[in-house]
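**Student:** My file is query-v5.cif. It has mmCIF, C-alpha atoms:
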```cif
data_entry
loop_
_atom_site.label_atom_id
_atom_site.label_comp_id
_atom_site.auth_asym_id
_atom_site.auth_seq_id
_atom_site.Cartn_x
_atom_site.Cartn_y
_atom_site.Cartn_z
CA MET U 514 -7.51 29.10 132.97
CA THR U 515 -7.26 26.34 135.57
CA GLU U 516 -7.95 22.67 135.30
CA GLU U 517 -8.25 20.14 138.10
CA ALA U 518 -6.79 16.67 137.61
CA PRO U 519 -7.06 13.67 139.96
CA THR U 520 -3.88 12.61 141.75
CA ALA U 521 -2.83 9.11 142.73
CA GLY U 522 -4.18 9.63 146.26
CA GLY U 523 -7.54 10.75 145.03
CA ASP U 524 -6.82 14.43 145.66
CA ARG U 525 -7.23 16.96 142.91
CA GLU U 526 -4.48 19.43 142.14
CA LYS U 527 -4.77 22.60 140.19
CA THR U 528 -2.59 23.48 137.23
CA THR U 529 -2.51 27.00 135.97
CA GLY U 530 -1.62 28.56 132.66
CA ARG U 531 -1.60 25.30 130.71
CA LYS U 532 -3.78 24.18 127.82
CA PRO U 533 -5.75 20.97 128.37
CA VAL U 534 -4.36 17.96 126.52
CA ARG U 535 -7.60 17.77 124.55
CA ALA U 536 -7.11 21.34 123.33
CA HIS U 537 -3.55 20.54 122.27
CA LEU U 538 -4.79 17.55 120.29
CA ARG U 539 -7.54 19.63 118.70
CA ASP U 540 -5.01 22.28 117.65
CA ALA U 541 -2.66 19.61 116.28
CA VAL U 542 -5.44 18.04 114.22
CA ALA U 543 -6.45 21.48 112.92
CA SER U 544 -2.85 22.17 111.97
CA LEU U 545 -2.53 18.86 110.12
CA PHE U 546 -5.91 18.72 108.39
CA GLY U 547 -7.19 22.28 108.48
CA ARG U 548 -7.65 24.53 105.47
CA ARG U 549 -6.67 28.15 105.18
CA ARG U 550 -8.11 30.02 102.21
CA VAL U 551 -6.11 32.42 100.08
CA ARG U 552 -7.21 36.05 100.32
CA GLU U 553 -6.35 39.11 98.29
CA GLY U 554 -2.83 40.14 99.23
CA THR U 555 -1.61 36.64 100.15
CA ARG U 556 2.08 36.24 99.36
CA THR U 557 3.94 33.26 97.88
CA ALA U 558 4.72 30.64 100.53
CA THR U 559 8.12 29.09 101.17
CA GLU U 560 6.73 25.70 100.14
CA GLU U 561 5.84 27.11 96.71
CA LEU U 562 9.35 28.49 96.30
CA PHE U 563 10.73 25.04 97.17
CA PHE U 564 8.48 23.57 94.48
CA ASP U 565 9.76 26.15 91.98
CA LEU U 566 13.37 25.23 92.70
CA VAL U 567 12.75 21.83 91.12
CA PHE U 568 11.97 23.60 87.87
CA VAL U 569 15.40 25.21 87.85
CA PHE U 570 16.75 21.68 87.51
CA ALA U 571 13.93 20.68 85.14
CA PHE U 572 14.75 23.53 82.74
CA VAL U 573 18.45 22.63 82.82
CA GLN U 574 17.52 19.04 81.95
CA LEU U 575 15.26 20.30 79.18
CA VAL U 576 18.09 22.17 77.47
CA ALA U 577 20.34 19.11 77.93
CA LEU U 578 17.67 16.96 76.24
CA ILE U 579 17.66 19.23 73.18
CA ARG U 580 21.47 19.31 73.14
CA SER U 581 21.51 15.49 73.07
CA ASP U 582 19.47 15.55 69.85
CA TYR U 583 20.50 18.82 68.25
CA THR U 584 17.95 18.63 65.42
CA PRO U 585 14.49 20.10 64.74
CA GLN U 586 13.02 16.89 66.15
CA GLY U 587 15.07 17.36 69.32
CA VAL U 588 13.81 20.94 69.69
CA LEU U 589 10.21 19.78 69.20
CA ARG U 590 10.66 17.04 71.80
CA GLY U 591 12.11 19.52 74.24
CA MET U 592 9.11 21.82 73.77
CA LEU U 593 6.71 18.90 74.31
CA VAL U 594 8.42 18.04 77.58
CA LEU U 595 8.27 21.71 78.55
CA ALA U 596 4.52 21.77 77.83
CA LEU U 597 3.87 18.88 80.24
CA LEU U 598 6.20 20.27 82.90
CA TRP U 599 4.44 23.61 82.54
CA TRP U 600 0.99 22.03 82.89
CA SER U 601 2.13 20.28 86.07
CA TRP U 602 3.43 23.54 87.53
CA GLY U 603 0.37 25.49 86.44
CA ALA U 604 -2.03 23.02 88.07
CA PHE U 605 -0.51 23.77 91.46
CA ALA U 606 -0.45 27.51 90.75
CA TRP U 607 -4.25 27.30 90.50
CA LEU U 608 -4.50 25.14 93.61
CA SER U 609 -2.24 27.28 95.79
CA ASN U 610 -4.31 30.33 94.83
CA ASN U 611 -7.25 28.62 96.54
CA LEU U 612 -5.60 27.10 99.62
CA GLN U 613 -2.48 28.44 101.30
CA ALA U 614 0.45 26.11 100.66
CA SER U 615 1.99 26.59 104.10
CA PHE U 616 -0.89 25.13 106.10
CA GLY U 617 -2.38 21.70 106.77
CA VAL U 618 -2.66 18.98 104.14
CA MET U 619 -1.61 21.39 101.38
CA ARG U 620 1.82 21.78 102.96
CA PHE U 621 2.43 18.05 103.20
CA GLY U 622 0.95 17.39 99.76
CA LEU U 623 3.14 20.00 98.06
CA PHE U 624 6.27 18.49 99.59
CA VAL U 625 5.30 15.06 98.23
CA VAL U 626 4.57 16.52 94.80
CA THR U 627 7.91 18.34 94.82
CA GLY U 628 9.74 15.03 95.26
CA ILE U 629 7.79 13.35 92.46
CA THR U 630 8.34 16.34 90.16
CA PHE U 631 12.07 16.13 90.78
CA VAL U 632 12.03 12.47 89.67
CA MET U 633 10.03 13.50 86.60
CA ALA U 634 12.65 16.14 85.78
CA LEU U 635 15.40 13.58 86.37
CA SER U 636 13.78 11.25 83.81
CA THR U 637 13.62 13.94 81.11
CA LEU U 638 16.80 12.78 79.38
CA VAL U 639 15.38 9.26 78.93
CA ALA U 640 11.76 10.27 78.27
CA PHE U 641 12.05 9.35 74.58
CA THR U 642 15.02 6.98 74.36
CA ASP U 643 15.91 4.46 77.05
CA ARG U 644 19.40 3.85 78.36
CA PRO U 645 20.63 0.35 79.14
CA GLY U 646 20.39 -0.73 82.77
CA GLY U 647 17.99 0.42 85.46
CA LEU U 648 14.34 1.30 85.02
CA TYR U 649 12.74 1.69 81.62
CA GLY U 650 13.19 5.44 81.15
CA PRO U 651 10.29 6.28 78.76
CA LEU U 652 7.78 4.96 81.33
CA VAL U 653 9.13 6.92 84.30
CA PHE U 654 8.10 10.33 82.98
CA PRO U 655 4.42 9.46 82.25
CA ILE U 656 4.08 7.64 85.59
CA CYS U 657 5.42 10.68 87.46
CA TYR U 658 3.23 12.97 85.38
CA PHE U 659 0.16 10.92 86.26
CA LEU U 660 1.05 10.92 89.97
CA VAL U 661 1.62 14.68 90.04
CA ARG U 662 -1.66 15.43 88.27
CA SER U 663 -3.57 12.88 90.37
CA LEU U 664 -2.27 14.38 93.60
CA HIS U 665 -3.30 17.79 92.30
CA LEU U 666 -6.87 16.55 91.75
CA ALA U 667 -6.89 14.84 95.16
CA LEU U 668 -5.85 18.07 96.85
CA TYR U 669 -8.48 19.96 94.87
CA ALA U 670 -11.08 17.47 96.10
CA TYR U 671 -9.94 18.42 99.58
CA ALA U 672 -10.27 22.12 98.74
CA VAL U 673 -13.71 22.24 97.10
CA SER U 674 -17.12 21.38 98.51
CA ALA U 675 -18.70 17.98 97.86
CA ARG U 676 -21.28 19.38 95.43
CA HIS U 677 -18.49 20.59 93.12
CA LEU U 678 -16.53 17.32 93.02
CA ALA U 679 -17.88 16.06 89.69
CA ARG U 680 -17.50 19.42 87.95
CA HIS U 681 -14.06 20.32 89.29
CA ILE U 682 -12.42 16.92 89.79
CA LEU U 683 -13.95 14.15 87.70
CA VAL U 684 -14.40 16.19 84.51
CA PRO U 685 -10.81 17.58 84.45
CA ALA U 686 -9.53 14.07 85.10
CA VAL U 687 -10.68 12.94 81.64
CA PRO U 688 -8.09 14.82 79.50
CA MET U 689 -5.39 14.09 82.09
CA VAL U 690 -6.01 10.31 81.98
CA ALA U 691 -6.24 10.39 78.17
CA SER U 692 -2.95 12.26 77.79
CA THR U 693 -1.20 9.92 80.24
CA ALA U 694 -2.50 6.91 78.31
CA LEU U 695 -1.03 8.36 75.12
CA LEU U 696 2.34 8.89 76.84
CA VAL U 697 2.34 5.26 78.01
CA CYS U 698 1.49 4.14 74.46
CA ALA U 699 4.39 6.24 73.18
CA ALA U 700 6.72 4.45 75.61
CA LEU U 701 5.57 0.91 74.72
CA VAL U 702 3.75 0.55 71.40
CA PRO U 703 6.01 1.99 68.62
CA HIS U 704 9.05 0.02 69.85
CA ARG U 705 7.10 -3.23 69.53
CA LEU U 706 5.23 -2.57 66.29
CA LEU U 707 7.94 -0.85 64.24
CA THR U 708 11.46 -1.95 63.39
CA ASP U 709 12.81 1.11 61.63
CA GLN U 710 14.27 3.45 64.29
CA ARG U 711 13.40 6.56 62.33
CA GLN U 712 9.75 5.50 62.16
CA VAL U 713 9.80 4.69 65.86
CA ALA U 714 11.15 8.17 66.67
CA ILE U 715 8.47 9.85 64.53
CA ALA U 716 5.66 7.75 66.06
CA VAL U 717 6.82 8.48 69.60
CA THR U 718 7.03 12.22 68.91
CA LEU U 719 3.56 12.28 67.31
CA LEU U 720 2.02 10.44 70.28
CA TRP U 721 3.61 12.95 72.65
CA LEU U 722 2.27 15.80 70.51
CA LEU U 723 -1.21 14.28 70.61
CA ALA U 724 -0.97 13.86 74.39
CA VAL U 725 -0.13 17.54 74.84
CA LEU U 726 -2.96 18.64 72.53
CA VAL U 727 -5.50 16.45 74.34
CA ASP U 728 -4.49 17.83 77.73
CA TYR U 729 -4.36 21.47 76.66
CA VAL U 730 -7.45 21.55 74.43
CA GLY U 731 -9.45 19.41 76.85
CA SER U 732 -8.60 21.65 79.78
CA PHE U 733 -9.41 24.82 77.80
CA THR U 734 -12.96 23.66 77.09
CA LEU U 735 -13.80 22.72 80.69
CA PRO U 736 -16.60 24.88 82.18
CA VAL U 737 -15.04 25.32 85.63
CA TRP U 738 -14.69 29.09 86.02
CA GLU U 739 -15.88 28.83 89.64
CA ILE U 740 -12.37 27.63 90.57
CA GLY U 741 -11.51 31.29 90.64
CA ILE U 742 -8.49 33.44 91.40
CA PHE U 743 -8.70 34.53 95.03
CA SER U 744 -5.58 36.71 95.06
CA ALA U 745 -4.49 38.58 91.94
CA ARG U 746 -1.24 39.57 93.61
CA HIS U 747 -0.35 36.00 94.55
CA TRP U 748 -1.26 34.74 91.07
CA CYS U 749 0.86 37.31 89.24
CA GLU U 750 3.72 36.85 91.69
CA ARG U 751 3.77 33.08 91.06
CA TYR U 752 4.04 33.55 87.29
CA GLY U 753 6.65 36.26 87.65
CA LEU U 754 8.73 33.92 89.79
CA ILE U 755 8.58 31.06 87.27
CA LEU U 756 9.78 33.45 84.55
CA ILE U 757 12.70 34.36 86.80
CA VAL U 758 13.41 30.63 87.22
CA ALA U 759 13.56 30.31 83.40
CA VAL U 760 15.89 33.31 83.21
CA GLY U 761 17.99 31.61 85.89
CA GLU U 762 18.44 28.63 83.58
CA ASN U 763 19.77 31.00 80.93
CA ILE U 764 22.31 32.38 83.39
CA ILE U 765 23.27 28.84 84.40
CA SER U 766 23.80 28.02 80.71
CA ILE U 767 26.08 31.02 80.32
CA GLY U 768 28.07 30.08 83.41
CA THR U 769 28.36 26.32 82.90
CA SER U 770 29.24 26.57 79.21
CA SER U 771 32.10 28.93 80.04
CA SER U 772 33.36 26.99 83.08
CA ASN U 773 35.53 24.55 81.13
CA VAL U 774 36.93 26.89 78.50
CA SER U 775 39.83 29.29 78.47
CA LEU U 776 39.07 32.85 79.48
CA SER U 777 39.72 35.50 76.87
CA TRP U 778 38.57 39.02 76.14
CA GLN U 779 36.43 37.63 73.36
CA LEU U 780 34.77 35.17 75.75
CA LEU U 781 34.11 37.87 78.35
CA PHE U 782 32.60 40.09 75.65
CA ALA U 783 30.33 37.24 74.52
CA VAL U 784 29.22 36.60 78.12
CA MET U 785 28.34 40.28 78.62
CA LEU U 786 26.34 40.30 75.38
CA ALA U 787 24.45 37.20 76.52
CA MET U 788 23.71 38.82 79.89
CA THR U 789 22.45 41.94 78.09
CA VAL U 790 19.94 39.87 76.12
CA THR U 791 18.88 37.99 79.25
CA GLY U 792 18.44 41.20 81.24
CA ALA U 793 16.38 42.72 78.43
CA LEU U 794 13.91 39.82 78.70
CA LEU U 795 13.36 40.58 82.38
CA TRP U 796 12.98 44.31 81.69
CA THR U 797 10.35 43.87 78.98
CA TYR U 798 8.15 41.81 81.28
CA PHE U 799 8.57 43.36 84.72
CA ASP U 800 8.96 47.04 83.84
CA VAL U 801 5.28 47.65 83.10
CA VAL U 802 3.54 44.57 81.72
CA ALA U 803 3.46 42.56 84.96
CA LEU U 804 2.02 45.53 86.86
CA ILE U 805 -0.70 46.07 84.25
CA GLY U 806 -1.70 42.40 84.42
CA GLU U 807 -2.06 42.52 88.19
CA GLN U 808 -4.17 45.70 88.07
CA VAL U 809 -6.49 44.24 85.41
CA LEU U 810 -6.99 41.01 87.37
CA GLU U 811 -7.74 42.90 90.57
CA ARG U 812 -10.52 44.90 88.90
CA ALA U 813 -12.09 41.99 86.97
CA ASP U 814 -15.23 40.14 88.08
CA PRO U 815 -14.74 36.45 89.08
CA LYS U 816 -15.73 34.95 85.71
CA THR U 817 -13.61 37.39 83.71
CA ARG U 818 -10.74 36.93 86.15
CA PHE U 819 -10.80 33.17 85.57
CA ALA U 820 -10.79 33.58 81.77
CA LEU U 821 -7.93 36.09 81.88
CA ALA U 822 -5.89 33.92 84.23
CA ARG U 823 -6.41 30.87 82.02
CA ASP U 824 -5.69 32.56 78.67
CA ALA U 825 -3.06 35.16 79.54
CA TYR U 826 -1.17 33.17 82.16
CA SER U 827 -1.73 29.40 81.89
CA TYR U 828 -1.50 29.47 78.10
CA LEU U 829 0.34 32.60 76.94
CA HIS U 830 3.07 32.42 79.57
CA LEU U 831 4.17 29.05 78.17
CA PRO U 832 5.59 30.55 74.92
CA MET U 833 7.21 33.25 77.06
CA VAL U 834 9.03 30.58 79.09
CA ALA U 835 9.96 28.76 75.87
CA GLY U 836 11.24 32.04 74.43
CA ILE U 837 13.45 32.51 77.49
CA LEU U 838 14.84 28.95 77.41
CA LEU U 839 15.53 28.64 73.68
CA PRO U 840 18.31 31.28 73.56
CA ALA U 841 20.29 29.04 75.91
CA LEU U 842 20.93 26.78 72.90
CA GLY U 843 22.67 29.49 70.92
CA ILE U 844 24.43 30.90 73.99
CA ARG U 845 25.95 27.55 74.97
CA GLU U 846 27.05 26.92 71.39
CA LEU U 847 28.59 30.36 71.05
CA VAL U 848 30.39 30.45 74.42
CA LYS U 849 31.92 27.01 73.92
CA ASN U 850 33.12 27.93 70.46
CA VAL U 851 34.60 31.24 71.57
CA GLY U 852 36.33 29.61 74.52
CA ARG U 853 38.09 26.94 72.47
CA LEU U 854 41.70 27.73 71.82
CA GLU U 855 42.21 24.99 69.27
CA GLY U 856 40.14 24.49 66.17
CA HIS U 857 38.29 27.76 66.61
CA HIS U 858 37.99 30.19 63.79
CA PRO U 859 37.06 33.78 64.68
CA ASP U 860 34.44 33.81 61.92
CA GLU U 861 32.75 30.58 63.07
CA ARG U 862 29.00 30.88 62.63
CA LEU U 863 26.06 29.63 64.64
CA THR U 864 24.34 26.46 63.48
CA ALA U 865 20.74 26.67 62.31
CA ILE U 866 19.52 25.40 65.70
CA GLY U 867 21.66 27.89 67.60
CA LEU U 868 20.46 30.76 65.42
CA PHE U 869 16.85 29.64 65.83
CA GLY U 870 17.33 29.49 69.59
CA LEU U 871 18.72 33.00 69.82
CA TYR U 872 16.61 34.93 67.31
CA GLY U 873 13.56 32.67 67.25
CA GLY U 874 13.45 32.43 71.04
CA ILE U 875 13.53 36.20 71.57
CA ALA U 876 10.94 36.75 68.82
CA LEU U 877 8.68 34.11 70.39
CA PHE U 878 8.98 35.79 73.79
CA LEU U 879 8.10 39.22 72.37
CA LEU U 880 5.14 37.91 70.35
CA ALA U 881 3.77 36.05 73.37
CA ASN U 882 4.27 39.24 75.38
CA VAL U 883 2.26 41.20 72.84
CA ALA U 884 -0.50 38.56 72.83
CA TYR U 885 -0.57 38.69 76.63
CA GLN U 886 -1.01 42.48 76.60
CA LEU U 887 -3.75 42.30 73.98
CA ARG U 888 -5.61 39.68 76.01
CA MET U 889 -5.30 41.58 79.28
CA ALA U 890 -5.78 45.18 78.12
CA HIS U 891 -4.95 47.72 75.42
CA THR U 892 -3.62 50.09 78.06
CA ILE U 893 -0.16 50.76 76.68
CA ARG U 894 -0.38 50.44 72.91
CA THR U 895 2.96 52.13 72.20
CA ILE U 896 4.82 49.29 73.88
CA ILE U 897 2.83 46.72 71.87
CA TRP U 898 3.89 48.28 68.59
CA THR U 899 7.54 48.69 69.56
CA ARG U 900 7.71 44.97 70.33
CA VAL U 901 6.05 44.00 67.07
CA ALA U 902 8.57 46.21 65.29
CA ALA U 903 11.43 44.51 67.17
CA VAL U 904 10.20 41.09 65.98
CA LEU U 905 10.12 42.32 62.37
CA VAL U 906 13.65 43.70 62.74
CA LEU U 907 14.87 40.36 64.12
CA ALA U 908 13.26 38.50 61.23
CA ALA U 909 14.96 40.84 58.76
CA LEU U 910 18.34 40.32 60.48
CA VAL U 911 18.25 36.51 60.36
CA PRO U 912 19.79 36.31 56.83
CA VAL U 913 22.52 38.70 57.99
CA ALA U 914 23.13 36.70 61.19
CA ARG U 915 23.56 33.52 59.15
CA ARG U 916 26.48 35.03 57.23
CA ILE U 917 28.40 36.65 60.09
CA SER U 918 30.29 35.16 63.01
CA ALA U 919 28.45 33.83 66.04
CA ILE U 920 29.64 36.59 68.34
CA ASP U 921 28.60 39.25 65.80
CA ALA U 922 25.15 37.63 65.55
CA LEU U 923 24.83 37.78 69.34
CA GLY U 924 26.00 41.40 69.25
CA LEU U 925 23.24 42.28 66.77
CA LEU U 926 20.66 40.61 69.02
CA ALA U 927 21.96 42.45 72.09
CA ALA U 928 21.83 45.74 70.20
CA VAL U 929 18.21 45.20 69.14
CA SER U 930 17.26 44.23 72.72
CA PHE U 931 18.95 47.31 74.18
CA ILE U 932 17.49 49.69 71.56
CA LEU U 933 14.01 48.24 72.21
CA ILE U 934 14.25 49.15 75.88
CA VAL U 935 15.57 52.65 75.17
CA VAL U 936 12.88 53.34 72.55
CA GLU U 937 10.12 52.18 74.87
CA VAL U 938 11.37 54.41 77.66
CA ILE U 939 11.40 57.40 75.30
CA VAL U 940 8.18 56.96 73.30
CA ALA U 941 6.01 55.78 76.19
CA ASP U 942 7.68 57.55 79.09
CA GLY U 943 4.69 59.52 80.42
CA GLN U 944 2.18 56.69 80.09
CA ARG U 945 4.73 54.18 81.33
CA ARG U 946 5.56 56.29 84.39
CA ARG U 947 1.88 56.71 85.33
CA LEU U 948 1.22 52.98 85.01
CA ARG U 949 4.24 52.12 87.11
CA GLU U 950 3.31 54.61 89.80
CA SER U 951 -0.32 53.44 89.97
CA GLY U 952 0.77 49.78 89.99
CA LEU U 953 3.34 50.29 92.72
CA ALA U 954 0.90 52.38 94.76
CA ALA U 955 -1.69 49.60 94.53
CA ARG U 956 0.89 47.10 95.78
CA MET U 957 1.80 49.34 98.71
CA GLN U 958 -1.84 49.46 99.81
CA VAL U 959 -2.20 45.67 99.94
#
```
Turn the structure described in the file into structure tokens.

**Tutor:**
Amino acid sequence: MTEEAPTAGGDREKTTGRKPVRAHLRDAVASLFGRRRVREGTRTATEELFFDLVFVFAFVQLVALIRSDYTPQGVLRGMLVLALLWWSWGAFAWLSNNLQASFGVMRFGLFVVTGITFVMALSTLVAFTDRPGGLYGPLVFPICYFLVRSLHLALYAYAVSARHLARHILVPAVPMVASTALLVCAALVPHRLLTDQRQVAIAVTLLWLLAVLVDYVGSFTLPVWEIGIFSARHWCERYGLILIVAVGENIISIGTSSSNVSLSWQLLFAVMLAMTVTGALLWTYFDVVALIGEQVLERADPKTRFALARDAYSYLHLPMVAGILLPALGIRELVKNVGRLEGHHPDERLTAIGLFGLYGGIALFLLANVAYQLRMAHTIRTIIWTRVAAVLVLAALVPVARRISAIDALGLLAAVSFILIVVEVIVADGQRRRLRESGLAARMQV
């Protein structure tokens, strides 16, 4: 292509092989403000992985929050924070399944949201109780939460057509604004109306609980199935990655809790048991279940696909993440105790919170896994029943685990986790192998 341009002397010279300046500007504007839709087979973008990295830190902060108030109330508060962090992450999982995160306004918007989410994670430790000096901590979290959710709605407004704005943007904004208002009330009102600190703590926790219920129940009832899932593979990959992030927090807990203690054979044995339990969590999800979910979503019609994505992923993956994070409480407690040279008794037992984290967390993960399979499909019933049986065994072992040493309690849990995997491989081998082969073959064709 050639273009003639006037010279200073009035002559015109020819330039070859160069784009006109106007074309460059048009391409730059398209790059900055263009939209690129997600299609079946789209992979997770680097920008989404960067966003997920913030949740590694957020989950670490979450466990630290519970450790700072090692009581049932502290555990409840930690789960409430997790619910809001999860809802923030999930909102952008829906959005990035509509518009590609590595292009145009979406790319810039996700970077901004990542920064705000990091501040929100940073404020987790002061979300309920302020520390002297600096900003008022309990207000920082709700402000960041509101900004993250508002930016999500703004980017959705950019993604959808004008005729869908009221249905997809204004209606979902109602539960979000209501839940944020409740969080702000929790930060300001109880401290001014009540003098008893115990009553203040209860009021704050109840307002947070109400905020979570408003947001979750309100969002569940919204008739917005047209939002859609445009790539089943991308959707399932995003949720698989966030589960790996949660497992990463468990590994970090194992490593950091053993970094300042004396190494011993007993400590190394405890670490290997903890890694066995952690690895079993990954196996139970990714061996077959994740592949089944992707296949079911791919075959579903748009309305069914939306309902499955909402129920089985946005909602039922939350208790799975909680079930992965809770064992970190017992693991940190156990590793620190085992690593102490002074004041440590070999028969030292787990506290009630530590035992709940280990056994209750794994049971919660398995039950949520079963509920996920029942919601998606009844394809592999043998695995459903083995996991229900494992939960019953864990419940029966809790009284035993309370009376034995912490490391023995972890050993029992590791044994149950390992036996569960072996039994599933044996009793469902043929069906399991066929599902894995069909799932992997489907992925290869994309």

**Student:** Quick one: of U:Arg662, U:Ile844, U:Leu794, U:Ala903, who's nearest to Ile932 of chain U, counting all atoms listed in the file?

**Tutor:**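 Closest candidate: U:Ala903.
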
**Student:** Between U:Gly741, U:Pro655, U:Gly650, U:Gly870, which has the minimum distance to Phe819 of chain U (counting all atoms listed in the file)?

**Tutor:**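 For Phe819 of chain U, the nearest of the given residues is U:Gly741.
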
**Student:** Report, in Å to a single decimal, how far apart atom CA of Met788 of chain U and atom CA of Ser601 of chain U are.

**Tutor:**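 Those two atoms sit 29.1 Å apart.
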
**Student:** In Å, how far is it from atom CA of Glu560 of chain U to atom CA of Pro688 of chain U?

**Tutor:**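 About the pair atom CA of Glu560 of chain U and atom CA of Pro688 of chain U: they are 27.6 Å apart.
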
**Student:** On this file, the PyMOL selection byres ((chain U and resi 803-809) around 7) gives some set of residues; write that set as a PyMOL selection string.

**Tutor:** chain U and resi 745-746+749+798-799+801-802+810-813+889+949+952

**Student:** Near segment 754-760 of chain U, counting all atoms listed in the file, which residues have an atom at most 7 Å away, once you skip same-chain residues fewer than 6 positions from it, shown as a PyMOL selection string?

**Tutor:** chain U and resi 565+569+572+791+834+837-838

**Student:** If you apply the PyMOL selection byres ((chain U and resi 584-595) around 8) to this file, what residues do you get, as a VMD selection string?

**Tutor:** chain U and resid 572 575 to 576 578 to 583 596 to 599 637 718 721 to 722 725 835 866

**Student:** Any chance you could work out the residue set of the PyMOL selection byres ((chain U and resi 640) around 9) here, as a list in words?

**Tutor:**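 Taken on the displayed file, the PyMOL selection byres ((chain U and resi 640) around 9) yields the residues Val594, Ser636, Thr637, Leu638, Val639, Phe641, Thr642, Asp643, Gly650, Pro651, Leu652, Val653, Phe654, Pro655 and Ala700 of chain U.
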
**Student:** Hey, can you check how far atom CA of Val551 of chain U sits from atom CA of Met619 of chain U?

**Tutor:**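 Taking atom CA of Val551 of chain U as the start and atom CA of Met619 of chain U as the end point, the length is 12.0 Å.
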
**Student:** Of the candidates U:Ala724, U:Val938, U:Ala909, U:Ile917, which shows the shortest atom-to-atom distance to Ile896 of chain U, using all atoms listed in the file?

**Tutor:** U:Val938

**Student:** Counting only C-alpha atoms, which residue out of U:Thr817, U:Thr693, U:Thr864, U:Thr559 sits closest to Ala919 of chain U?

**Tutor:**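 For Ala919 of chain U, the nearest of the given residues is U:Thr864.
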
**Student:** Tell me, as a PyMOL selection string, which residues lie within 6 Å of Met689 of chain U, counting only C-alpha atoms; anything in the same chain fewer than 3 positions away does not count.

**Tutor:** chain U and resi 686+692+728

**Student:** Restricting the calculation to all atoms listed in the file: of U:Tyr885, U:Tyr671, U:Phe564, U:Trp898, which residue gets closest to Val626 of chain U?

**Tutor:**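 Using all atoms listed in the file, Val626 of chain U sits closest to U:Phe564.
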
**Student:** Using 8 Å of padding on each side, determine the axis-aligned box around all atoms of segment 623-627 of chain U present in the file and give its centre and edge lengths in Å to one decimal, as lines of an AutoDock Vina configuration file.

**Tutor:**
```
center_x = 5.5
center_y = 17.5
center_z = 97.2
size_x = 20.8
size_y = 20.9
size_z = 20.8
```

**Student:** Got a sec: who's within 10 Å of Ala716 of chain U, counting all atoms listed in the file, leaving out chain neighbours fewer than 5 positions off, as a VMD selection string?

**Tutor:** chain U and resid 699 702 to 704 707 710 to 711 721 to 722

**Student:** I need the chosen residues saved as a short mmCIF file (atom, residue, chain, number, x, y, z; two decimals), in the coordinates of the input, with C-alpha atoms.

**Tutor:**
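Saved result, out_31.cif, follows:
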```cif
data_model
loop_
_atom_site.label_atom_id
_atom_site.label_comp_id
_atom_site.auth_asym_id
_atom_site.auth_seq_id
_atom_site.Cartn_x
_atom_site.Cartn_y
_atom_site.Cartn_z
CA ALA U 699 4.39 6.24 73.18
CA VAL U 702 3.75 0.55 71.40
CA PRO U 703 6.01 1.99 68.62
CA HIS U 704 9.05 0.02 69.85
CA LEU U 707 7.94 -0.85 64.24
CA GLN U 710 14.27 3.45 64.29
CA ARG U 711 13.40 6.56 62.33
CA TRP U 721 3.61 12.95 72.65
CA LEU U 722 2.27 15.80 70.51
#
```

**Student:** Could you check the closest approach to Ser732 of chain U for each of U:Leu887, U:Val567, U:Ala604, U:Val904 and tell me which residue wins, using all atoms listed in the file?

**Tutor:**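 Checking each candidate against Ser732 of chain U, we get U:Ala604 as the closest.
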